[in-house]
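Contents: one structure, followed by commentary.
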Amino acid sequence: MKLPMKKNILIFVTVLTLVFIQGIFVDEGNAITKEEIKIIRFAGDENHPPYEYIDENGNYRGYNIDIINAIAHAAGLYIEIIPMEWNDAILALENNEVDSLIGMSQTEDRLKKYKFTSPTIINEQVIFVNKDTVHINSIEDLSGLKVSYQKNDLNESFIHDIPNVIALPEKDLEDCLFELANNEVDAVLGNRVVGIFHLQRNKLTDKIMTVGESITSVKYGPTVLKDNQELLNTLEEGLEQIKKNKTFDRIYGKWFGEDLGYIKLLIKDYKNEIMILAILIGLVVLFLYLYNIRLKKQVLKRTQELEQANDDLIVKQKEIYNLAYNDSITSLPNRIYFVEELNGILDNIKDEVDSFAVFFLDIDRFKHINDTLGHHVGDHILNLLGIRLSKLVKDLDIVARVGGDEFFILMKGIKDESEIVSLANSILMDFKEPYYIRDYELYLTTSIGIAIYPDGGVDTQALLMNSDLALYKAKDLGGNSYYIYGDEISSEGLEKMVLLNQLRQACDNDQLVLHYQPQIEIKTGKIVGLEALVRWNNPDKGLLYPDKFIALAEETGLIIQMGEWILRQACMQAREWIDQGNDIIMSVNISAKQFQHKTFVKELVSILIESGLEPKNLTLEITETIVISDIEYTLNILDMLKNLGIGVAIDDFGTGYSSLSYLNEMSVNELKIDRSFISDIEKNHKNKMLANTIIILAKQIGLKVTAEGVENLEQLTILKEMDCDIAQGYHFSKPVSKEKIDEMMN
Ligand code: C2E
Ligand code: MG
Ligand code: MG
């Protein structure tokens with residue numbers, strides 16, 4: 001009985017389909033009213049399941065009902081099926097109250113009275129016993145036992161042939177089987193399918209079974225009275241049709257092709273296994289579900305990680321790009337970027353008409369700013385400078401910072417050289433606007449070297465080198481100017497570089513020498529001081545003056561070493577002249593870088609000790625730029641110098657970047673009015689007034705005043721009238737060698 005599951009499901013579905021089909025047939029049958037048509041009347045047993053019976057809902061159903069309905073449908077008949085007690089059904093047929101019985105077993109007696117269609121089923125009669133019965137295997141074994149059967153059933157004809165059998169007729173087979181289940185009888189004789197139907201319906205299949213071979217096989221089917229051949233033929237035709245179109249097979253399958261309780265039994269037998277299987281499937285589904293969720297989470301997490309990694313990568317790439325191609329202080333492109341851009345342009349030159357130019361800018365005396373105001377101020381100015389330069393150029397031009405205070409500009413799409421001159425001039429003009437840092441107004445100037453493609457070079461290296469040479473030329477012109485590269489400057493530029501190299505060796509090779517210029521007290525006409533001024537005995541060029549090398553020495557830092565030598569030399573010389581009985585003050589120029597150098601005061605003290613010069617006989621000349629730099633630091637050093645007793649003079653006074661307001665706060669004791677005010681004081685009323693104002697101001701705050709560059713008596717007379725203290729200039733003496741001073745002293 002344990003059929004493969006798949007097959008059972010198939011059968012189950014088939015049964016459902018048949019029920020459905022049957023429903024359609026019935027519906028169609030009801031669609032036409034009975035008055036309109038000839039209705040064939042059938043009778044059947046009201047309680048002969050599964051052939052025909054009234055179910056718990058009052059529906060008359062069963063195998064025969066389905067078969068007759070299918071035949072009627074196939075043959076186009078209108079029918080009525082009436083359930084009755086079996087005996088009444090037979091009587092109804094015989095009395096022509098109905099036309100046919102829906103199903104009846106063929107016996108010899110019956111064949112005399114009725115006609116049967118071809119059988120719709122072959123009925124078997126079998127023995128039913130309780131499952132624990134072992135001694136009944138055939139009909140012979142029933143001898144002497146209590147056997148029940150359905151009254152009027154065809155078994156009645158042979159049960160009495162069994163010797164000594166106690167035959168117990170019952171109303172129907174179901175009652176017989178109840179008696180057997182209750183052990184009231186030993187066996188039951190009855191129709192196999194009918195018996196099994198009742199066992200299943202009453203859940204007795206595990207208690208009662210069939211044994212032995214079938215006792216008889218009897219044909220079974222619809223029947224009519226002998227004289228109703230016409231109806232028989234009609235039914236026969238319908239039957240043939242439903243056999244042909246498989247409706248018959250499906251109905252048979254529905255009722256007998258399957259143990260109707262099989263699925264339930266199967267479920268019962270395999271209850272545990274099915275449960276385990278269901279749990280397993282459930283677990284697998286749950287596992288897959290959870291696994292899927294986990295997988296999704298992992299994928300999500302991984303996706304997020306990848307996205308994050310990607311973002312980081314982009315940020316890193318940007319950082320790397322910025323580091324590689326940008327200057328951190330000004331955020332402008334750097335040299336690498338500029339050079340790549342230049343290479344790109346040179347690689348793609350097609351347009352013969354358009355040219356381009358490289359501008360090389362260097363801020364004049366920017367070292368001073370850094371050295372005096374500190375690097376962060378220098379950086380701030382560079383940043384402002386970058387912004388200002390960027391505003392001056394065209395959109396496609398490139399401004400790059402390529403070194404300390406050096407900038408490149410790549411000017412593109414030039415149609416005429418006048419455009420270059422115009423940009424250079426607008427840069428120089430823009431520099432006239434001051435930079436405001438803290439409380440100071442700073443004025444900067446720049447020098448610009450320009451190389452124009454192709455005259456200024458046809459490759460990157462040549463363009464950059466020649467713009468550099470042009471820059472040197474611009475600086476030579478005094479700064480605050482531009483120079484466009486032409487053939488004539490390349491040698492001069494080279495010359496400058498040679499000079500720098502020679503300067504590096506000048507200190508070590510005793511090529512420096514000091515000249516001294518007397519300072520005269522105007523009232524008395526006596527030499528009260530000497531200013532030490534450095535000269536360089538250049539091996540190629542002979543004696544060079546400071547304007548040729550001091551700026552270079554400051555740029556390269558050589559000034560520290562050089563300044564120390566000058567200070568020592570001047571102090572020793574002063575000591576010598578003082579020892580000879582001359583009461584003089586030695587003035588020494590101190591560059592900003594030297595003044596700001598952290599060991600400056602220490603070196604100064606040791607030089608004073610070394611030379612034995614008294615501090616009061618030394619005056620340091622510093623410029624305004626030193627003073628306005630890191631004011632706190634400067635004030636501190638100035639205080640230290642004052643405490644040491646060393647004099648301090650502000651040199652070139654009146655030319656500096658800043659105002660006079662700071663003078664009061666500082667420990668200085670002398671102002672040196674710049675030569676530019678004095679040189680035409682006798683003709684230039686404005687300068688005369690300025691010089692006078694400076695003198696009055698100095699006197700008011702108790703400072704000594706020296707006038708520089710006094711070249712004639714007229715000038716001296718005016719200064720005397722103005723009550724200026726000291727005069728210095730060619731009128732008295734040019735700066736001269738030690739030997740000349742010796743002569744003068746004597
Ligand atoms: P300074 O300190 O103002 O020096 C005065 C400059 O004016 C000297 O030029 C001097 O020769 C020049 N001079 C003096 N009287 C007259 C005059 O009547 N007419 C004209 N036309 N010029 C006159 P020098 O020696 O060429 O020095 C130039 C500058 O170089 C100096 O200006 C000073 O700033 C710097 N310097 C000179 N020697 C040293 C030094 O030893 N150390 C440092 N750090 N700087 C120095
Ligand atoms: Mg001086
Ligand atoms: Mg001066």
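Identifiers in the structure tokens: chain A, B, ... in order shown; residue index from 1 per chain; ligand index from 1 in order shown.
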
List all protein, DNA and RNA residues that have at least one atom no more than 6 Å from any atom of ligand 2, counting only C-alpha atoms and all ligand atoms, and write them as a list of chain:residue names.
A:Asn589, A:Glu621, A:Asp651

Write the residues of the selection above to a file with all heavy atoms, as a short mmCIF file (atom, residue, chain, number, x, y, z; two decimals), in the first residue's frame.
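part_2.cif was written with the following content:
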```cif
data_model
loop_
_atom_site.label_atom_id
_atom_site.label_comp_id
_atom_site.auth_asym_id
_atom_site.auth_seq_id
_atom_site.Cartn_x
_atom_site.Cartn_y
_atom_site.Cartn_z
N ASN A 589 78.76 99.20 10.55
CA ASN A 589 77.45 98.84 9.97
C ASN A 589 77.12 97.37 10.28
O ASN A 589 77.94 96.48 10.09
CB ASN A 589 77.47 99.03 8.46
CG ASN A 589 77.63 100.49 8.09
OD1 ASN A 589 76.71 101.28 8.22
ND2 ASN A 589 78.83 100.85 7.65
N GLU A 621 75.65 100.73 13.58
CA GLU A 621 74.69 101.38 12.66
C GLU A 621 73.73 100.30 12.14
O GLU A 621 74.14 99.34 11.50
CB GLU A 621 75.44 102.05 11.49
CG GLU A 621 76.33 103.20 11.96
CD GLU A 621 76.86 104.03 10.79
OE1 GLU A 621 76.47 103.76 9.63
OE2 GLU A 621 77.66 104.94 11.05
N ASP A 651 70.82 104.17 10.76
CA ASP A 651 71.51 104.57 9.53
C ASP A 651 70.49 104.88 8.43
O ASP A 651 69.37 104.37 8.46
CB ASP A 651 72.41 103.39 9.10
CG ASP A 651 73.54 103.86 8.19
OD1 ASP A 651 73.60 105.05 7.86
OD2 ASP A 651 74.36 102.99 7.82
#
```

If the limit is 8 Å from any atom of ligand 1, counting only C-alpha atoms and all ligand atoms, which residues qualify? Return them as a PDB file with N, CA and C atoms, in the first residue's frame.
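Wrote part09.pdb, looks like this:
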```
ATOM      1  N   LEU A 514      89.039  97.062   5.328  1.00  0.00           N
ATOM      2  CA  LEU A 514      88.177  98.133   5.824  1.00  0.00           C
ATOM      3  C   LEU A 514      88.777  99.495   5.458  1.00  0.00           C
ATOM      4  N   HIS A 515      87.849 100.377   4.993  1.00  0.00           N
ATOM      5  CA  HIS A 515      88.199 101.778   4.852  1.00  0.00           C
ATOM      6  C   HIS A 515      87.423 102.530   5.923  1.00  0.00           C
ATOM      7  N   GLN A 517      85.787 106.332   7.215  1.00  0.00           N
ATOM      8  CA  GLN A 517      85.404 107.695   6.856  1.00  0.00           C
ATOM      9  C   GLN A 517      85.238 108.503   8.141  1.00  0.00           C
ATOM     10  N   GLU A 531      83.642 105.903  10.497  1.00  0.00           N
ATOM     11  CA  GLU A 531      82.747 104.797  10.093  1.00  0.00           C
ATOM     12  C   GLU A 531      83.562 103.791   9.300  1.00  0.00           C
ATOM     13  N   ALA A 532      83.470 102.522   9.741  1.00  0.00           N
ATOM     14  CA  ALA A 532      84.194 101.464   9.030  1.00  0.00           C
ATOM     15  C   ALA A 532      83.337 101.022   7.850  1.00  0.00           C
ATOM     16  N   LEU A 533      83.930 100.996   6.650  1.00  0.00           N
ATOM     17  CA  LEU A 533      83.193 100.592   5.439  1.00  0.00           C
ATOM     18  C   LEU A 533      84.022  99.543   4.714  1.00  0.00           C
ATOM     19  N   VAL A 534      83.371  98.442   4.430  1.00  0.00           N
ATOM     20  CA  VAL A 534      84.124  97.296   3.916  1.00  0.00           C
ATOM     21  C   VAL A 534      84.355  97.433   2.412  1.00  0.00           C
ATOM     22  N   ARG A 535      85.491  96.943   1.941  1.00  0.00           N
ATOM     23  CA  ARG A 535      85.798  96.837   0.520  1.00  0.00           C
ATOM     24  C   ARG A 535      86.346  95.442   0.252  1.00  0.00           C
ATOM     25  N   TYR A 545      83.179  97.875  -4.186  1.00  0.00           N
ATOM     26  CA  TYR A 545      82.478  98.587  -3.111  1.00  0.00           C
ATOM     27  C   TYR A 545      81.276  97.759  -2.643  1.00  0.00           C
ATOM     28  N   PRO A 546      80.747  98.068  -1.473  1.00  0.00           N
ATOM     29  CA  PRO A 546      79.680  97.233  -0.873  1.00  0.00           C
ATOM     30  C   PRO A 546      78.452  97.018  -1.763  1.00  0.00           C
ATOM     31  N   ASP A 547      78.116  98.025  -2.565  1.00  0.00           N
ATOM     32  CA  ASP A 547      76.915  97.849  -3.409  1.00  0.00           C
ATOM     33  C   ASP A 547      77.068  96.667  -4.356  1.00  0.00           C
ATOM     34  N   ILE A 550      77.445  93.361  -0.852  1.00  0.00           N
ATOM     35  CA  ILE A 550      76.774  93.211   0.457  1.00  0.00           C
ATOM     36  C   ILE A 550      75.437  92.466   0.306  1.00  0.00           C
ATOM     37  N   ILE A 559      77.083  87.046   5.184  1.00  0.00           N
ATOM     38  CA  ILE A 559      77.229  88.294   5.933  1.00  0.00           C
ATOM     39  C   ILE A 559      77.553  88.036   7.410  1.00  0.00           C
ATOM     40  N   MET A 562      81.249  87.419   7.540  1.00  0.00           N
ATOM     41  CA  MET A 562      81.886  88.641   7.090  1.00  0.00           C
ATOM     42  C   MET A 562      81.741  89.747   8.146  1.00  0.00           C
ATOM     43  N   GLY A 563      80.515  89.848   8.682  1.00  0.00           N
ATOM     44  CA  GLY A 563      80.203  90.894   9.661  1.00  0.00           C
ATOM     45  C   GLY A 563      81.043  90.723  10.911  1.00  0.00           C
ATOM     46  N   ILE A 566      84.486  92.014  10.192  1.00  0.00           N
ATOM     47  CA  ILE A 566      84.493  93.486  10.116  1.00  0.00           C
ATOM     48  C   ILE A 566      84.482  94.087  11.514  1.00  0.00           C
ATOM     49  N   LEU A 567      83.575  93.528  12.354  1.00  0.00           N
ATOM     50  CA  LEU A 567      83.424  94.049  13.714  1.00  0.00           C
ATOM     51  C   LEU A 567      84.746  93.903  14.489  1.00  0.00           C
ATOM     52  N   VAL A 588      80.213 100.936  13.197  1.00  0.00           N
ATOM     53  CA  VAL A 588      80.270  99.728  12.361  1.00  0.00           C
ATOM     54  C   VAL A 588      78.853  99.415  11.853  1.00  0.00           C
ATOM     55  N   ASN A 589      78.764  99.197  10.549  1.00  0.00           N
ATOM     56  CA  ASN A 589      77.449  98.840   9.975  1.00  0.00           C
ATOM     57  C   ASN A 589      77.119  97.369  10.284  1.00  0.00           C
ATOM     58  N   ILE A 590      75.898  97.189  10.771  1.00  0.00           N
ATOM     59  CA  ILE A 590      75.464  95.821  11.116  1.00  0.00           C
ATOM     60  C   ILE A 590      74.260  95.478  10.234  1.00  0.00           C
ATOM     61  N   SER A 591      74.369  94.419   9.490  1.00  0.00           N
ATOM     62  CA  SER A 591      73.233  94.041   8.625  1.00  0.00           C
ATOM     63  C   SER A 591      72.144  93.377   9.472  1.00  0.00           C
ATOM     64  N   ALA A 592      70.964  93.427   8.945  1.00  0.00           N
ATOM     65  CA  ALA A 592      69.808  92.880   9.674  1.00  0.00           C
ATOM     66  C   ALA A 592      70.052  91.435  10.083  1.00  0.00           C
ATOM     67  N   GLN A 594      72.728  89.854  10.560  1.00  0.00           N
ATOM     68  CA  GLN A 594      73.760  89.755  11.595  1.00  0.00           C
ATOM     69  C   GLN A 594      73.162  90.132  12.950  1.00  0.00           C
ATOM     70  N   GLU A 621      75.653 100.734  13.576  1.00  0.00           N
ATOM     71  CA  GLU A 621      74.694 101.377  12.657  1.00  0.00           C
ATOM     72  C   GLU A 621      73.728 100.304  12.144  1.00  0.00           C
ATOM     73  N   ASP A 651      70.824 104.170  10.757  1.00  0.00           N
ATOM     74  CA  ASP A 651      71.508 104.567   9.531  1.00  0.00           C
ATOM     75  C   ASP A 651      70.491 104.884   8.430  1.00  0.00           C
ATOM     76  N   ASP A 652      70.883 105.684   7.488  1.00  0.00           N
ATOM     77  CA  ASP A 652      70.051 106.009   6.322  1.00  0.00           C
ATOM     78  C   ASP A 652      68.662 106.447   6.757  1.00  0.00           C
ATOM     79  N   ASP A 674      69.836 110.319   5.975  1.00  0.00           N
ATOM     80  CA  ASP A 674      70.297 109.713   4.726  1.00  0.00           C
ATOM     81  C   ASP A 674      70.839 110.770   3.768  1.00  0.00           C
ATOM     82  N   ARG A 675      71.835 110.330   2.990  1.00  0.00           N
ATOM     83  CA  ARG A 675      72.531 111.193   2.043  1.00  0.00           C
ATOM     84  C   ARG A 675      71.572 111.863   1.059  1.00  0.00           C
ATOM     85  N   SER A 679      72.172 115.661  -0.126  1.00  0.00           N
ATOM     86  CA  SER A 679      72.901 115.891  -1.379  1.00  0.00           C
ATOM     87  C   SER A 679      72.462 117.167  -2.110  1.00  0.00           C
ATOM     88  N   GLU A 708      74.750 112.505   6.699  1.00  0.00           N
ATOM     89  CA  GLU A 708      75.606 111.710   5.816  1.00  0.00           C
ATOM     90  C   GLU A 708      75.777 112.442   4.487  1.00  0.00           C
ATOM     91  N   GLY A 709      76.869 112.188   3.802  1.00  0.00           N
ATOM     92  CA  GLY A 709      77.061 112.654   2.420  1.00  0.00           C
ATOM     93  C   GLY A 709      77.190 114.171   2.285  1.00  0.00           C
ATOM     94  N   VAL A 710      77.841 114.775   3.246  1.00  0.00           N
ATOM     95  CA  VAL A 710      78.055 116.220   3.147  1.00  0.00           C
ATOM     96  C   VAL A 710      79.211 116.444   2.178  1.00  0.00           C
ATOM     97  N   GLU A 711      78.895 117.116   1.070  1.00  0.00           N
ATOM     98  CA  GLU A 711      79.898 117.198   0.016  1.00  0.00           C
ATOM     99  C   GLU A 711      80.475 118.604  -0.168  1.00  0.00           C
ATOM    100  N   GLN A 728      79.380 113.989   7.930  1.00  0.00           N
ATOM    101  CA  GLN A 728      80.257 112.956   7.369  1.00  0.00           C
ATOM    102  C   GLN A 728      80.111 113.076   5.874  1.00  0.00           C
ATOM    103  N   GLY A 729      81.191 113.076   5.114  1.00  0.00           N
ATOM    104  CA  GLY A 729      81.040 113.164   3.672  1.00  0.00           C
ATOM    105  C   GLY A 729      82.315 113.540   2.978  1.00  0.00           C
ATOM    106  N   TYR A 730      82.200 113.550   1.650  1.00  0.00           N
ATOM    107  CA  TYR A 730      83.366 113.798   0.817  1.00  0.00           C
ATOM    108  C   TYR A 730      83.966 115.189   1.082  1.00  0.00           C
ATOM    109  N   HIS A 731      83.097 116.084   1.615  1.00  0.00           N
ATOM    110  CA  HIS A 731      83.595 117.421   1.932  1.00  0.00           C
ATOM    111  C   HIS A 731      84.800 117.328   2.868  1.00  0.00           C
ATOM    112  N   SER A 733      86.244 113.960   3.850  1.00  0.00           N
ATOM    113  CA  SER A 733      87.091 112.881   3.336  1.00  0.00           C
ATOM    114  C   SER A 733      86.225 111.762   2.792  1.00  0.00           C
ATOM    115  N   LYS A 734      86.715 111.144   1.742  1.00  0.00           N
ATOM    116  CA  LYS A 734      86.093 109.901   1.304  1.00  0.00           C
ATOM    117  C   LYS A 734      86.507 108.821   2.305  1.00  0.00           C
ATOM    118  N   PRO A 735      85.825 107.674   2.301  1.00  0.00           N
ATOM    119  CA  PRO A 735      86.326 106.564   3.116  1.00  0.00           C
ATOM    120  C   PRO A 735      87.737 106.221   2.617  1.00  0.00           C
TER     121      PRO A 735
END
```

From the options A:Glu230, A:Asp742, A:Glu721, A:Asp161, which residue's atoms come nearest to A:Leu142, counting only C-alpha atoms?
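The shortest atom-to-atom distance to A:Leu142 comes from A:Asp161.
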
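The two atoms in question, atom CA of A:Arg110 and atom CA of A:Ala43, are spaced 16.5 Å apart.
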
For the alpha helix (DSSP H) assignment from backbone DSSP, which residues of stretch 325-554 of chain A qualify? Please present them as number ranges by chain.
A: 325, 335-347, 366-373, 375-392, 417-430, 460-476, 490-506, 550-554

Provide the atom CA of A:Gly647 to atom CA of A:Ile560 distance in Å, to one decimal place.
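Atom CA of A:Ile560 lies 20.4 Å from atom CA of A:Gly647.
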
Close residues, A:Gly403 itself excluded, 9 Å, only C-alpha atoms, min 2 positions apart in chain, as number ranges by chain
A: 334-335, 401, 405-407

Put those residues in a file: C-alpha atoms, as a PDB file, in the first residue's frame.
```
ATOM      1  CA  ASN A 334      54.977  74.489  -7.749  1.00  0.00           C
ATOM      2  CA  ARG A 335      58.035  74.154  -9.936  1.00  0.00           C
ATOM      3  CA  ARG A 401      55.862  79.619  -6.549  1.00  0.00           C
ATOM      4  CA  ASP A 405      60.632  84.363  -2.747  1.00  0.00           C
ATOM      5  CA  GLU A 406      60.711  83.269  -6.373  1.00  0.00           C
ATOM      6  CA  PHE A 407      57.689  83.050  -8.632  1.00  0.00           C
TER       7      PHE A 407
END
```

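Proximity ranking of A:Ile678, A:Val627, A:Ile81, A:Ala357 relative to A:Tyr440 places A:Val627 first, based on only C-alpha atoms.
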